[in-house]
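Engineer: My structure file protein_39.cif, mmCIF, C-alpha atoms, is below:
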```
data_structure
#
loop_
_atom_site.label_atom_id
_atom_site.label_comp_id
_atom_site.auth_asym_id
_atom_site.auth_seq_id
_atom_site.Cartn_x
_atom_site.Cartn_y
_atom_site.Cartn_z
CA MET A 1 -21.10 -33.19 -58.31
CA THR A 2 -17.71 -34.10 -56.84
CA GLU A 3 -17.12 -30.53 -55.70
CA ASP A 4 -20.26 -30.60 -53.55
CA LYS A 5 -19.32 -33.73 -51.60
CA PRO A 6 -17.96 -32.97 -48.14
CA LEU A 7 -14.19 -33.30 -47.87
CA ASP A 8 -12.49 -35.92 -45.75
CA PRO A 9 -11.37 -34.63 -42.32
CA MET A 10 -7.75 -34.13 -43.41
CA ARG A 11 -8.75 -32.00 -46.42
CA GLU A 12 -11.19 -30.07 -44.22
CA GLN A 13 -8.25 -29.34 -41.94
CA MET A 14 -6.12 -28.39 -44.90
CA ILE A 15 -8.62 -25.77 -46.07
CA ALA A 16 -9.02 -24.47 -42.51
CA ALA A 17 -5.22 -24.26 -42.16
CA LEU A 18 -4.94 -22.53 -45.52
CA TYR A 19 -7.15 -19.70 -44.26
CA GLY A 20 -5.69 -19.55 -40.77
CA GLU A 21 -8.76 -21.02 -39.10
CA LEU A 22 -6.97 -23.73 -37.07
CA GLY A 23 -6.06 -23.33 -33.41
CA THR A 24 -2.44 -23.67 -32.31
CA ALA A 25 -2.80 -27.30 -31.20
CA GLU A 26 -4.73 -28.28 -34.33
CA MET A 27 -2.17 -26.55 -36.52
CA LYS A 28 0.64 -28.43 -34.81
CA ARG A 29 -1.12 -31.75 -35.40
CA PHE A 30 -1.72 -30.78 -39.01
CA GLU A 31 1.95 -29.88 -39.51
CA GLU A 32 2.95 -33.25 -38.04
CA ALA A 33 0.60 -34.99 -40.47
CA LEU A 34 2.13 -32.99 -43.34
CA ALA A 35 5.64 -33.94 -42.30
CA ALA A 36 4.69 -37.62 -42.32
CA ASP A 37 2.91 -37.67 -45.68
CA ASP A 38 4.63 -36.55 -48.91
CA GLU A 39 1.45 -36.64 -50.96
CA LEU A 40 -0.39 -34.49 -48.45
CA ARG A 41 2.50 -32.04 -48.32
CA SER A 42 2.56 -31.77 -52.08
CA GLU A 43 -1.18 -31.05 -52.10
CA TRP A 44 -0.72 -28.44 -49.38
CA GLU A 45 2.05 -26.73 -51.37
CA GLU A 46 -0.14 -26.69 -54.47
CA LEU A 47 -3.02 -25.05 -52.63
CA ARG A 48 -0.73 -22.47 -51.05
CA GLY A 49 0.90 -21.74 -54.41
CA THR A 50 -2.47 -21.28 -56.09
CA ARG A 51 -3.58 -18.94 -53.32
CA ASN A 52 -0.39 -16.94 -53.74
CA PHE A 53 -0.97 -16.79 -57.48
CA ILE A 54 -4.51 -15.43 -56.94
CA GLY A 55 -3.13 -12.92 -54.46
CA VAL A 56 -0.56 -11.65 -56.96
CA ALA A 57 -2.65 -11.88 -60.14
CA GLY A 58 -5.78 -10.58 -58.45
CA THR A 59 -4.21 -7.21 -57.73
CA GLU A 60 -3.27 -6.64 -61.34
CA GLY A 61 -5.61 -5.21 -63.95
CA ASP A 62 -7.99 -3.53 -61.51
CA GLU A 63 -7.97 -0.24 -63.38
CA ALA A 64 -11.53 -0.59 -64.62
CA GLU A 65 -13.92 1.37 -62.45
CA PHE A 66 -17.56 1.47 -61.63
CA SER A 67 -19.67 4.18 -60.10
CA PHE A 68 -23.18 3.47 -58.91
CA THR A 69 -25.93 5.81 -60.07
CA LEU A 70 -29.03 6.11 -57.94
CA PRO A 71 -31.92 7.19 -60.19
CA VAL A 72 -33.88 10.20 -58.96
CA GLU A 73 -37.23 8.46 -59.31
CA LEU A 74 -37.10 4.93 -58.02
CA PRO A 75 -39.85 3.23 -56.03
CA ARG A 76 -38.74 1.44 -52.89
CA THR A 77 -40.48 -1.57 -51.42
CA ASP A 78 -42.06 0.45 -48.64
CA ASP A 79 -42.96 3.25 -51.11
CA ARG A 80 -44.79 0.79 -53.30
CA GLU A 81 -46.62 -0.56 -50.30
CA ALA A 82 -47.52 2.96 -49.23
CA SER A 83 -48.79 3.87 -52.67
CA ARG A 84 -51.51 1.27 -52.33
CA GLY A 85 -53.13 3.12 -49.43
CA THR A 86 -52.82 6.11 -47.15
CA VAL A 87 -49.22 7.16 -46.67
CA VAL A 88 -48.39 7.28 -42.99
CA ARG A 89 -44.77 7.77 -41.99
CA GLY A 90 -42.67 7.79 -38.85
CA PRO A 91 -43.84 6.53 -35.45
CA TRP A 92 -47.48 7.18 -36.38
CA ARG A 93 -47.16 4.41 -38.90
CA ARG A 94 -46.97 1.81 -36.11
CA LEU A 95 -49.92 3.33 -34.23
CA TRP A 96 -51.84 3.49 -37.47
CA THR A 97 -51.23 -0.22 -38.03
CA ALA A 98 -52.43 -0.96 -34.48
CA ALA A 99 -55.53 1.20 -34.96
CA ALA A 100 -56.27 -0.50 -38.28
CA GLY A 101 -55.97 -3.91 -36.60
CA PHE A 102 -58.23 -2.82 -33.75
CA SER A 103 -60.87 -1.52 -36.20
CA ALA A 104 -60.74 -4.71 -38.24
CA ALA A 105 -61.21 -6.81 -35.07
CA ALA A 106 -64.18 -4.62 -34.00
CA ALA A 107 -65.75 -4.91 -37.47
CA ILE A 108 -65.41 -8.69 -37.43
CA PHE A 109 -66.97 -8.81 -33.98
CA ALA A 110 -69.90 -6.67 -35.12
CA VAL A 111 -70.50 -8.93 -38.12
CA LEU A 112 -70.40 -11.97 -35.84
CA LEU A 113 -72.98 -10.35 -33.54
CA PHE A 114 -75.30 -9.68 -36.45
CA SER A 115 -74.91 -13.24 -37.60
CA GLY A 116 -76.21 -14.54 -34.25
CA LEU A 117 -73.09 -15.04 -32.18
CA ARG A 118 -73.82 -15.93 -28.58
CA ILE A 119 -71.31 -15.61 -25.81
CA ASP A 120 -72.60 -17.15 -22.59
CA ARG A 121 -70.92 -17.36 -19.26
CA THR A 122 -71.31 -20.82 -17.71
CA PRO A 123 -69.99 -22.11 -14.40
CA SER A 124 -67.21 -23.86 -16.29
CA GLY A 125 -66.26 -20.79 -18.35
CA TRP A 126 -67.27 -18.99 -21.52
CA LEU A 127 -69.52 -20.60 -24.13
CA VAL A 128 -69.36 -19.21 -27.63
CA GLY A 129 -71.80 -20.30 -30.34
CA PHE A 130 -74.24 -19.26 -33.00
CA SER A 131 -78.01 -19.14 -32.67
CA GLY A 132 -81.01 -16.96 -33.49
CA ALA A 133 -80.37 -13.47 -32.17
CA PRO A 134 -82.18 -12.97 -28.84
CA GLU A 135 -84.27 -9.86 -28.39
CA ASN A 136 -82.09 -8.44 -25.69
CA GLN A 137 -78.83 -8.94 -27.56
CA ALA A 138 -76.52 -5.97 -27.32
CA GLY A 139 -77.02 -3.29 -29.91
CA PHE A 140 -80.49 -4.22 -31.11
CA GLY A 141 -82.39 -5.78 -28.21
CA SER A 142 -84.81 -4.37 -25.68
CA ALA A 143 -84.27 -1.63 -23.12
CA ASP A 144 -82.28 -3.82 -20.76
CA ILE A 145 -79.29 -3.91 -23.05
CA GLY A 146 -76.27 -4.61 -20.94
CA GLY A 147 -78.42 -5.25 -17.87
CA ALA A 148 -78.07 -8.17 -15.51
CA ASP A 149 -80.59 -10.26 -17.51
CA ALA A 150 -79.10 -9.61 -20.91
CA VAL A 151 -77.30 -12.38 -22.76
CA LEU A 152 -74.31 -10.12 -22.98
CA THR A 153 -74.01 -8.19 -19.72
CA ARG A 154 -72.02 -5.04 -18.97
CA GLU A 155 -69.50 -7.26 -17.18
CA ASP A 156 -69.16 -9.33 -20.35
CA PHE A 157 -68.56 -6.19 -22.37
CA ALA A 158 -66.13 -4.92 -19.76
CA ALA A 159 -64.26 -8.24 -19.75
CA PHE A 160 -64.12 -8.30 -23.52
CA ALA A 161 -62.98 -4.68 -23.63
CA ARG A 162 -60.31 -5.45 -21.04
CA GLU A 163 -59.04 -8.37 -23.10
CA LEU A 164 -59.03 -6.26 -26.23
CA VAL A 165 -57.16 -3.45 -24.49
CA GLN A 166 -54.72 -5.96 -23.05
CA ALA A 167 -54.09 -7.54 -26.45
CA THR A 168 -53.62 -4.14 -28.07
CA ASP A 169 -51.32 -3.10 -25.26
CA GLN A 170 -49.25 -6.25 -25.68
CA ARG A 171 -48.98 -5.63 -29.38
CA LEU A 172 -47.90 -2.03 -28.85
CA THR A 173 -45.36 -3.21 -26.26
CA ARG A 174 -43.94 -5.67 -28.75
CA MET A 175 -43.68 -2.85 -31.29
CA GLU A 176 -41.98 -0.66 -28.72
CA GLU A 177 -39.53 -3.45 -27.92
CA ARG A 178 -38.70 -3.76 -31.57
CA ARG A 179 -38.25 -0.01 -31.77
CA SER A 180 -36.04 -0.15 -28.69
CA GLY A 181 -33.96 -2.81 -30.42
CA GLU A 182 -33.32 -0.45 -33.32
CA GLN A 183 -32.46 2.35 -30.94
CA ALA A 184 -30.13 0.02 -29.03
CA MET A 185 -28.44 -0.80 -32.29
CA LEU A 186 -27.98 2.89 -33.06
CA VAL A 187 -26.56 3.39 -29.59
CA ARG A 188 -24.20 0.45 -30.14
CA GLY A 189 -23.09 1.99 -33.43
CA PHE A 190 -22.54 5.31 -31.68
CA LEU A 191 -20.49 3.59 -28.96
CA GLU A 192 -18.41 1.82 -31.61
CA ALA A 193 -17.73 5.17 -33.29
CA LEU A 194 -16.87 6.68 -29.90
CA ASP A 195 -14.50 3.82 -29.19
CA LEU A 196 -12.80 4.40 -32.53
CA GLN A 197 -12.41 8.10 -31.75
CA GLN A 198 -10.89 7.24 -28.39
CA GLN A 199 -8.45 4.86 -30.03
CA GLU A 200 -7.45 7.54 -32.51
CA LEU A 201 -7.03 10.06 -29.71
CA SER A 202 -4.92 7.61 -27.75
CA LEU A 203 -2.78 6.97 -30.85
CA HIS A 204 -2.40 10.70 -31.35
CA GLN A 205 -1.36 11.17 -27.72
CA GLN A 206 1.07 8.29 -28.01
CA ARG A 207 2.64 9.85 -31.11
CA ASN A 208 2.91 13.22 -29.39
CA TYR A 209 4.47 11.58 -26.36
CA GLU A 210 7.04 9.75 -28.45
CA ASP A 211 7.79 12.91 -30.36
CA LEU A 212 8.27 14.83 -27.10
CA ARG A 213 10.40 12.05 -25.64
CA ALA A 214 12.63 12.07 -28.72
CA ARG A 215 13.07 15.83 -28.37
CA VAL A 216 13.89 15.51 -24.67
CA GLU A 217 16.39 12.77 -25.45
CA LEU A 218 17.94 14.97 -28.12
CA VAL A 219 18.31 17.84 -25.66
CA ALA A 220 19.74 15.45 -23.03
CA TYR A 221 22.28 14.15 -25.54
CA GLY A 222 23.13 17.71 -26.45
CA LEU A 223 23.64 18.66 -22.80
CA ALA A 224 25.76 15.56 -22.17
CA ALA A 225 27.85 16.28 -25.23
CA SER A 226 28.27 19.90 -24.19
CA HIS A 227 29.30 18.87 -20.66
CA ARG A 228 31.76 16.32 -22.02
CA SER A 229 33.23 18.89 -24.40
CA ARG A 230 33.76 21.34 -21.57
CA GLN A 231 35.42 18.62 -19.50
CA VAL A 232 37.79 17.81 -22.33
CA LEU A 233 38.57 21.42 -23.25
CA ASN A 234 38.79 22.87 -19.74
CA PRO A 235 39.17 20.10 -17.14
CA VAL A 236 40.25 22.43 -14.33
CA GLU A 237 37.26 24.73 -14.58
CA GLU A 238 34.89 21.78 -14.74
CA GLU A 239 36.37 20.21 -11.62
CA GLN A 240 35.88 23.45 -9.68
CA MET B 1 -22.76 11.12 -42.06
CA GLU B 2 -19.48 10.16 -43.72
CA THR B 3 -18.06 9.00 -40.40
CA MET B 4 -20.96 6.63 -39.68
CA SER B 5 -20.48 2.87 -39.76
CA ASP B 6 -22.07 0.73 -42.46
CA THR B 7 -24.60 -0.52 -39.92
CA GLN B 8 -25.69 2.99 -39.02
CA LEU B 9 -25.97 3.94 -42.68
CA THR B 10 -28.00 0.80 -43.35
CA VAL B 11 -30.45 1.70 -40.58
CA LEU B 12 -30.78 5.21 -41.99
CA SER B 13 -31.28 3.76 -45.48
CA GLN B 14 -34.03 1.56 -44.11
CA GLU B 15 -35.69 4.66 -42.73
CA GLY B 16 -35.65 6.18 -46.21
CA SER B 17 -32.41 8.18 -46.42
CA ARG B 18 -31.20 8.19 -50.04
CA ARG B 19 -28.02 9.98 -49.00
CA ALA B 20 -27.17 7.23 -46.51
CA PHE B 21 -27.70 4.58 -49.16
CA GLY B 22 -25.61 6.59 -51.61
CA LEU B 23 -22.73 6.57 -49.12
CA LEU B 24 -23.17 2.85 -48.46
CA ALA B 25 -23.16 2.12 -52.19
CA ARG B 26 -20.04 4.23 -52.63
CA ARG B 27 -18.30 2.16 -49.94
CA GLN B 28 -19.34 -1.16 -51.46
CA GLN B 29 -19.17 -0.48 -55.18
CA ALA B 30 -15.43 -0.96 -55.75
CA GLY B 31 -15.25 -4.33 -53.98
CA LEU B 32 -18.49 -5.54 -55.50
CA PHE B 33 -17.38 -4.54 -58.98
CA ARG B 34 -14.01 -6.27 -58.53
CA PHE B 35 -15.86 -9.44 -57.47
CA LEU B 36 -18.35 -9.29 -60.35
CA ARG B 37 -15.78 -8.64 -63.06
CA ARG B 38 -13.82 -11.69 -61.90
CA LEU B 39 -17.00 -13.73 -61.65
CA LEU B 40 -18.39 -12.72 -65.02
CA GLY B 41 -15.11 -12.16 -66.82
CA ASP B 42 -16.39 -9.08 -68.62
CA ASP B 43 -16.18 -5.45 -67.51
CA GLU B 44 -19.40 -4.29 -69.16
CA ALA B 45 -21.41 -7.25 -67.86
CA ALA B 46 -19.94 -6.62 -64.42
CA ARG B 47 -20.89 -2.90 -64.53
CA ASP B 48 -24.40 -3.86 -65.54
CA ALA B 49 -24.70 -6.48 -62.80
CA CYS B 50 -23.19 -4.16 -60.20
CA GLN B 51 -25.66 -1.37 -61.00
CA GLU B 52 -28.59 -3.81 -60.92
CA THR B 53 -27.41 -5.37 -57.67
CA LEU B 54 -27.15 -2.04 -55.88
CA LEU B 55 -30.51 -0.91 -57.30
CA LYS B 56 -32.12 -4.09 -55.98
CA ALA B 57 -30.46 -3.46 -52.64
CA PHE B 58 -31.82 0.09 -52.58
CA VAL B 59 -35.36 -1.01 -53.41
CA ASN B 60 -35.36 -3.83 -50.86
CA VAL B 61 -33.16 -2.50 -48.08
CA SER B 62 -36.14 -2.20 -45.72
CA ARG B 63 -36.47 -6.02 -45.89
CA LEU B 64 -32.96 -6.63 -44.54
CA ARG B 65 -33.47 -7.95 -41.01
CA ASP B 66 -29.96 -7.51 -39.66
CA PRO B 67 -28.38 -4.22 -40.78
CA ARG B 68 -24.95 -5.55 -39.76
CA GLN B 69 -25.16 -8.02 -42.65
CA PHE B 70 -25.47 -5.40 -45.41
CA LYS B 71 -22.26 -6.36 -47.20
CA SER B 72 -22.97 -10.10 -47.34
CA TRP B 73 -26.61 -9.39 -48.22
CA VAL B 74 -25.53 -7.29 -51.23
CA HIS B 75 -23.21 -10.09 -52.33
CA GLN B 76 -26.07 -12.54 -51.97
CA ILE B 77 -28.14 -10.37 -54.33
CA ALA B 78 -25.22 -10.25 -56.77
CA VAL B 79 -24.69 -14.02 -56.70
CA ASN B 80 -28.40 -14.70 -57.21
CA LEU B 81 -28.52 -12.19 -60.04
CA CYS B 82 -25.58 -13.84 -61.83
CA ARG B 83 -27.10 -17.26 -61.26
CA ASP B 84 -30.43 -16.15 -62.74
CA ARG B 85 -28.71 -14.52 -65.70
CA GLY B 86 -26.72 -17.70 -66.28
CA ARG B 87 -29.92 -19.74 -66.30
CA ALA B 88 -31.65 -17.29 -68.62
CA ALA B 89 -28.66 -17.26 -70.95
CA ARG B 90 -28.65 -21.04 -71.10
CA ARG B 91 -32.39 -21.06 -71.81
CA ASP B 92 -32.02 -18.56 -74.62
CA ALA B 93 -28.87 -20.27 -75.88
CA ALA B 94 -27.85 -16.86 -77.18
CA GLY B 95 -26.81 -15.06 -74.05
CA PRO B 96 -23.79 -12.83 -74.48
CA LEU B 97 -21.67 -14.25 -71.72
CA LEU B 98 -22.54 -17.37 -69.86
CA SER B 99 -23.92 -19.41 -72.72
CA ALA B 100 -20.94 -19.15 -75.04
CA SER B 101 -19.20 -22.25 -73.77
CA VAL B 102 -22.28 -24.20 -72.86
CA SER B 103 -21.91 -27.90 -73.06
CA GLU B 104 -24.96 -29.66 -71.71
CA ASP B 105 -23.19 -32.94 -71.10
CA ASN B 106 -20.10 -31.98 -69.16
CA GLY B 107 -21.86 -30.47 -66.16
CA LEU B 108 -19.82 -27.32 -66.51
CA GLY B 109 -22.26 -25.38 -68.62
CA ASP B 110 -21.66 -22.13 -66.77
CA GLN B 111 -17.99 -21.85 -67.63
CA LEU B 112 -16.92 -18.58 -69.17
CA PRO B 113 -15.77 -18.50 -72.77
CA VAL B 114 -12.04 -18.91 -73.02
CA ALA B 115 -10.82 -16.81 -75.87
CA GLY B 116 -7.79 -14.90 -77.05
CA LEU B 117 -5.30 -16.92 -75.09
CA ALA B 118 -3.53 -19.99 -76.36
CA PRO B 119 -2.09 -22.40 -73.81
CA GLY B 120 1.65 -21.82 -73.52
CA GLU B 121 1.41 -18.16 -74.54
CA ARG B 122 3.10 -15.76 -72.07
CA VAL B 123 0.61 -13.19 -70.89
CA ASP B 124 -0.01 -10.98 -67.89
CA LEU B 125 -1.08 -12.73 -64.71
CA SER B 126 -4.39 -10.92 -64.47
CA LEU B 127 -5.41 -12.33 -67.83
CA VAL B 128 -4.25 -15.80 -66.80
CA LEU B 129 -6.33 -15.54 -63.64
CA ARG B 130 -9.36 -14.54 -65.68
CA GLU B 131 -8.85 -17.45 -68.07
CA VAL B 132 -8.29 -20.00 -65.33
CA LEU B 133 -11.26 -18.79 -63.28
CA GLY B 134 -13.33 -18.87 -66.45
CA ARG B 135 -12.69 -22.58 -66.81
CA LEU B 136 -14.06 -23.35 -63.36
CA SER B 137 -17.73 -24.03 -62.74
CA MET B 138 -19.81 -21.04 -61.62
CA GLU B 139 -20.11 -22.54 -58.11
CA GLN B 140 -16.36 -23.02 -57.66
CA ARG B 141 -15.61 -19.59 -59.11
CA THR B 142 -18.13 -17.93 -56.80
CA ALA B 143 -16.81 -19.67 -53.69
CA ILE B 144 -13.16 -18.92 -54.50
CA LEU B 145 -13.79 -15.28 -55.33
CA LEU B 146 -15.90 -14.68 -52.24
CA ARG B 147 -13.11 -16.19 -50.15
CA GLU B 148 -10.02 -14.85 -51.91
CA VAL B 149 -11.15 -11.53 -53.33
CA GLN B 150 -13.83 -10.47 -50.88
CA GLY B 151 -12.44 -12.11 -47.75
CA PHE B 152 -15.64 -13.78 -46.54
CA ASN B 153 -15.26 -16.87 -44.35
CA SER B 154 -16.93 -20.24 -45.04
CA GLU B 155 -19.95 -19.46 -42.87
CA GLU B 156 -20.57 -16.16 -44.60
CA ILE B 157 -20.16 -17.73 -48.04
CA SER B 158 -22.58 -20.42 -46.94
CA ARG B 159 -25.20 -17.75 -46.17
CA ILE B 160 -24.52 -15.90 -49.42
CA THR B 161 -24.69 -18.93 -51.69
CA GLY B 162 -27.27 -20.92 -49.73
CA VAL B 163 -25.24 -24.13 -49.44
CA PRO B 164 -23.72 -25.75 -46.30
CA SER B 165 -20.29 -24.48 -45.27
CA ALA B 166 -18.82 -27.97 -45.80
CA THR B 167 -19.91 -27.70 -49.44
CA VAL B 168 -18.31 -24.25 -49.64
CA ARG B 169 -14.98 -25.65 -48.38
CA SER B 170 -15.26 -28.55 -50.82
CA ARG B 171 -15.85 -26.16 -53.72
CA ILE B 172 -12.87 -24.04 -52.71
CA TYR B 173 -10.63 -27.10 -52.36
CA HIS B 174 -11.58 -28.61 -55.71
CA GLY B 175 -11.56 -25.21 -57.40
CA LEU B 176 -8.05 -24.36 -56.19
CA ARG B 177 -6.76 -27.77 -57.22
CA ALA B 178 -8.36 -27.44 -60.66
CA MET B 179 -6.77 -24.00 -61.05
CA ARG B 180 -3.38 -25.37 -60.06
CA LYS B 181 -3.64 -28.04 -62.76
CA MET B 182 -4.46 -25.42 -65.41
CA LEU B 183 -1.70 -22.94 -64.56
CA PRO B 184 1.15 -24.72 -66.41
CA ASP B 185 -0.92 -24.48 -69.63
CA TYR B 186 -0.42 -20.71 -69.42
CA GLY B 187 3.26 -20.84 -68.61
CA VAL B 188 2.79 -20.17 -64.91
CA ALA B 189 5.05 -22.30 -62.73
CA GLY B 190 3.88 -23.15 -59.24
CA ARG B 191 7.41 -22.63 -57.89
CA ALA B 192 7.10 -18.93 -58.76
CA PHE B 193 4.37 -18.64 -56.14
CA GLY B 194 6.02 -20.30 -53.24
CA GLU B 195 5.43 -23.99 -53.92
CA GLY B 196 8.06 -26.28 -52.55
CA GLY B 197 8.39 -28.13 -55.83
CA THR B 198 6.08 -30.29 -57.87
CA SER B 199 6.50 -32.49 -60.86
CA ASP B 200 5.01 -30.08 -63.36
CA ASP B 201 6.78 -26.88 -62.34
#
```
Would you give me this structure, written as structure tokens?

Structural biologist:
Amino acid sequence: MTEDKPLDPMREQMIAALYGELGTAEMKRFEEALAADDELRSEWEELRGTRNFIGVAGTEGDEAEFSFTLPVELPRTDDREASRGTVVRGPWRRLWTAAAGFSAAAAIFAVLLFSGLRIDRTPSGWLVGFSGAPENQAGFGSADIGGADAVLTREDFAAFARELVQATDQRLTRMEERRSGEQAMLVRGFLEALDLQQQELSLHQQRNYEDLRARVELVAYGLAASHRSRQVLNPVEEEQ
Amino acid sequence: METMSDTQLTVLSQEGSRRAFGLLARRQQAGLFRFLRRLLGDDEAARDACQETLLKAFVNVSRLRDPRQFKSWVHQIAVNLCRDRGRAARRDAAGPLLSASVSEDNGLGDQLPVAGLAPGERVDLSLVLREVLGRLSMEQRTAILLREVQGFNSEEISRITGVPSATVRSRIYHGLRAMRKMLPDYGVAGRAFGEGGTSDD
């Protein structure tokens, strides 16, 4: 479609100028281009005229009104999501999500253990694989579960637990950061409102000041007029 | 709560406050309705679309990532809604509004029906504006209204309509020029609106 093709640079400038989006130097260059090109100037006048027409015509006939009605019973996206499971609200909701994630990870790990997962520590690092479950595997092996000879030692468990705690902690931190972002936004909003109040107060003070100054000026004029009148009516007394 | 900014009300709405959303809707409804009645050319259709738009906004407000963008997000919902309705109306070929002047070949199938106004007849300017806008394509009409009536800039219109801002400017340019060409048909002279003087005034 013709209307979707990008405009040439001059027409781009024309639209930008039409909506006051050109800088002073750009506007000056544009005006020079207009002055040198009758066709361009005619186009510019047409666009400005049409904008003016919209401005005038657009304000007429706006009598029709609309008032939004919010139904009493209306499911929201998060309500619908909540209705599928346990409803947890407020800050607990985030912790609940973290706990659910932790439980799911633990359940997956347990299933992997039952299916013969082996995690061995080698000089070059960790070795993870599947094999027949050894007798001394954690949870269903012999008495030395977690001992130094076990496939999965206490240190392994401790390391795994540390990693899990670390990952959970990181996730909670990320959630906290997000929460902080929302709080920061609320604070920003509050500061904006405060700024507005200060501006209004300043305006109010300014008005009061001007009002007071006008009154003082009025009194000063009155005094001057009175003094002048006395001078005119009784010059001798005034000189004394 | 009445003194809160739109952003603050949006955050509260996202946390589940119906009252906050009610206030937000009250602030937006007049402008949104004005935009939709110009876009759709019909008061009842605009009321319907406005109610549906704000309901959709209420249901999905928790999905809005940047609460500062509430106004443009609501307009995005409105534009998408009108676009979908236009498509549905064309499919049904019996839609009440957007299908009436469908012409599959001219590429302007989403023009509004132009009725009750003969070229050359002297009428009020509001009606002329409605008629002239109605003869534009849906894309041009949307871009011009978002710019002229709602005061969004090219970047914001780009986000609302989902097209590059250069395309938005192109649509506005061609739309305004098309409108200018139509105005004399309705007895509106360009000179009356500050034009320096053109051949058809």

Engineer: Which of these, A:Arg207, A:Gln199, A:Thr50, A:Ile108, has the shortest distance to Pro184 in chain B once you count all atoms listed in the file?

Structural biologist: A:Thr50

Engineer: Between B:Val132, B:Ala25, B:Met138, B:Leu40, which is the closest to chain A once you count only C-alpha atoms?

Structural biologist: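 Of B:Val132, B:Ala25, B:Met138, B:Leu40, the one nearest chain A is B:Ala25, counting only C-alpha atoms.
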
Engineer: Find the residues with any atom within 9 Å of (-22.1, 12.6, -43.9); use only C-alpha atoms and the coordinates as given in the file, and write the answer as a list in words.

Structural biologist: Met1, Glu2, Thr3, Met4, Arg19, Ala20 and Leu23 of chain B

Engineer: I'd like the residues picked by the PyMOL selection byres ((chain B and resi 57-62) around 10) written out as a PyMOL selection string, using the chain letters and numbers from the file.

Structural biologist: (chain A and resi 70+74-80) or (chain B and resi 10-16+18+21-22+24-25+51-56+63-65+67+70+73-75+77-78)

Engineer: Save the residues we just selected, C-alpha atoms, as a compact mmCIF listing (two decimals), in the coordinates of the input?

Structural biologist:
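Resulting contents of selection_12.txt:
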```txt
# COMPACT_ATOMS: atom_id res chain seq x y z
CA LEU A 70 -29.03 6.11 -57.94
CA LEU A 74 -37.10 4.93 -58.02
CA PRO A 75 -39.85 3.23 -56.03
CA ARG A 76 -38.74 1.44 -52.89
CA THR A 77 -40.48 -1.57 -51.42
CA ASP A 78 -42.06 0.45 -48.64
CA ASP A 79 -42.96 3.25 -51.11
CA ARG A 80 -44.79 0.79 -53.30
CA THR B 10 -28.00 0.80 -43.35
CA VAL B 11 -30.45 1.70 -40.58
CA LEU B 12 -30.78 5.21 -41.99
CA SER B 13 -31.28 3.76 -45.48
CA GLN B 14 -34.03 1.56 -44.11
CA GLU B 15 -35.69 4.66 -42.73
CA GLY B 16 -35.65 6.18 -46.21
CA ARG B 18 -31.20 8.19 -50.04
CA PHE B 21 -27.70 4.58 -49.16
CA GLY B 22 -25.61 6.59 -51.61
CA LEU B 24 -23.17 2.85 -48.46
CA ALA B 25 -23.16 2.12 -52.19
CA GLN B 51 -25.66 -1.37 -61.00
CA GLU B 52 -28.59 -3.81 -60.92
CA THR B 53 -27.41 -5.37 -57.67
CA LEU B 54 -27.15 -2.04 -55.88
CA LEU B 55 -30.51 -0.91 -57.30
CA LYS B 56 -32.12 -4.09 -55.98
CA ARG B 63 -36.47 -6.02 -45.89
CA LEU B 64 -32.96 -6.63 -44.54
CA ARG B 65 -33.47 -7.95 -41.01
CA PRO B 67 -28.38 -4.22 -40.78
CA PHE B 70 -25.47 -5.40 -45.41
CA TRP B 73 -26.61 -9.39 -48.22
CA VAL B 74 -25.53 -7.29 -51.23
CA HIS B 75 -23.21 -10.09 -52.33
CA ILE B 77 -28.14 -10.37 -54.33
CA ALA B 78 -25.22 -10.25 -56.77
```

Engineer: Considering all atoms listed in the file, state which residue in the set B:Leu9, B:Ala178, B:Leu32, B:Ala49 is at the smallest distance from Gly151 in chain B.

Structural biologist: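 That would be B:Leu32, the residue with the smallest distance to Gly151 in chain B.
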
Engineer: What is the CA of Ser158 in chain B to CA of Leu39 in chain B distance in Å?

Structural biologist: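 Straight-line distance from CA of Ser158 in chain B to CA of Leu39 in chain B works out to 17.1 Å.
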
Engineer: Using only C-alpha atoms, which residue out of B:Ala88, B:Leu133, B:Met182, B:Ala30 lies closest to chain A?

Structural biologist: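 Closest to chain A, using only C-alpha atoms: B:Ala30.
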
Engineer: With all atoms listed in the file as the atoms that count, which of B:Ile160, B:Asp124, B:Asp66, B:Leu129 lies nearest to Leu81 in chain B?

Structural biologist: B:Ile160

Engineer: Any idea what the distance is between CA of Tyr19 in chain A and CA of Thr7 in chain B?

Structural biologist: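 If I compute the distance from CA of Tyr19 in chain A to CA of Thr7 in chain B, I get 26.3 Å.
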
Engineer: Using only C-alpha atoms, which residue out of A:Ala105, A:Gly58, A:Glu46, A:Ser202 lies closest to Leu183 in chain B?

Structural biologist: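 Looking only at the distances to Leu183 in chain B, the closest residue turns out to be A:Glu46.
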
Engineer: Need to verify the contact set: Leu40 in chain A, 12 Å, all atoms listed in the file, exclusion of same-chain residues closer than 5 positions in sequence. Can you return it as a list in words?

Structural biologist: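 Counting all atoms listed in the file, the residues come to Met10, Arg11, Gln13, Met14, Phe30, Glu31, Glu32, Ala33, Leu34, Ala35, Glu45, Glu46 and Leu47 of chain A.
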
Engineer: What separation in Å, quoted to one decimal, exists between CA of Val188 in chain B and CA of Ser126 in chain B?

Structural biologist: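 One can read the CA of Val188 in chain B to CA of Ser126 in chain B distance as 11.7 Å.
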
Engineer: Since I can't run it myself right now, could you work out what the PyMOL selection byres ((chain A and resi 166-182) around 9) selects here and report it as a PyMOL selection string?

Structural biologist: (chain A and resi 94-95+98-99+101-102+161-165+183-187) or (chain B and resi 11)
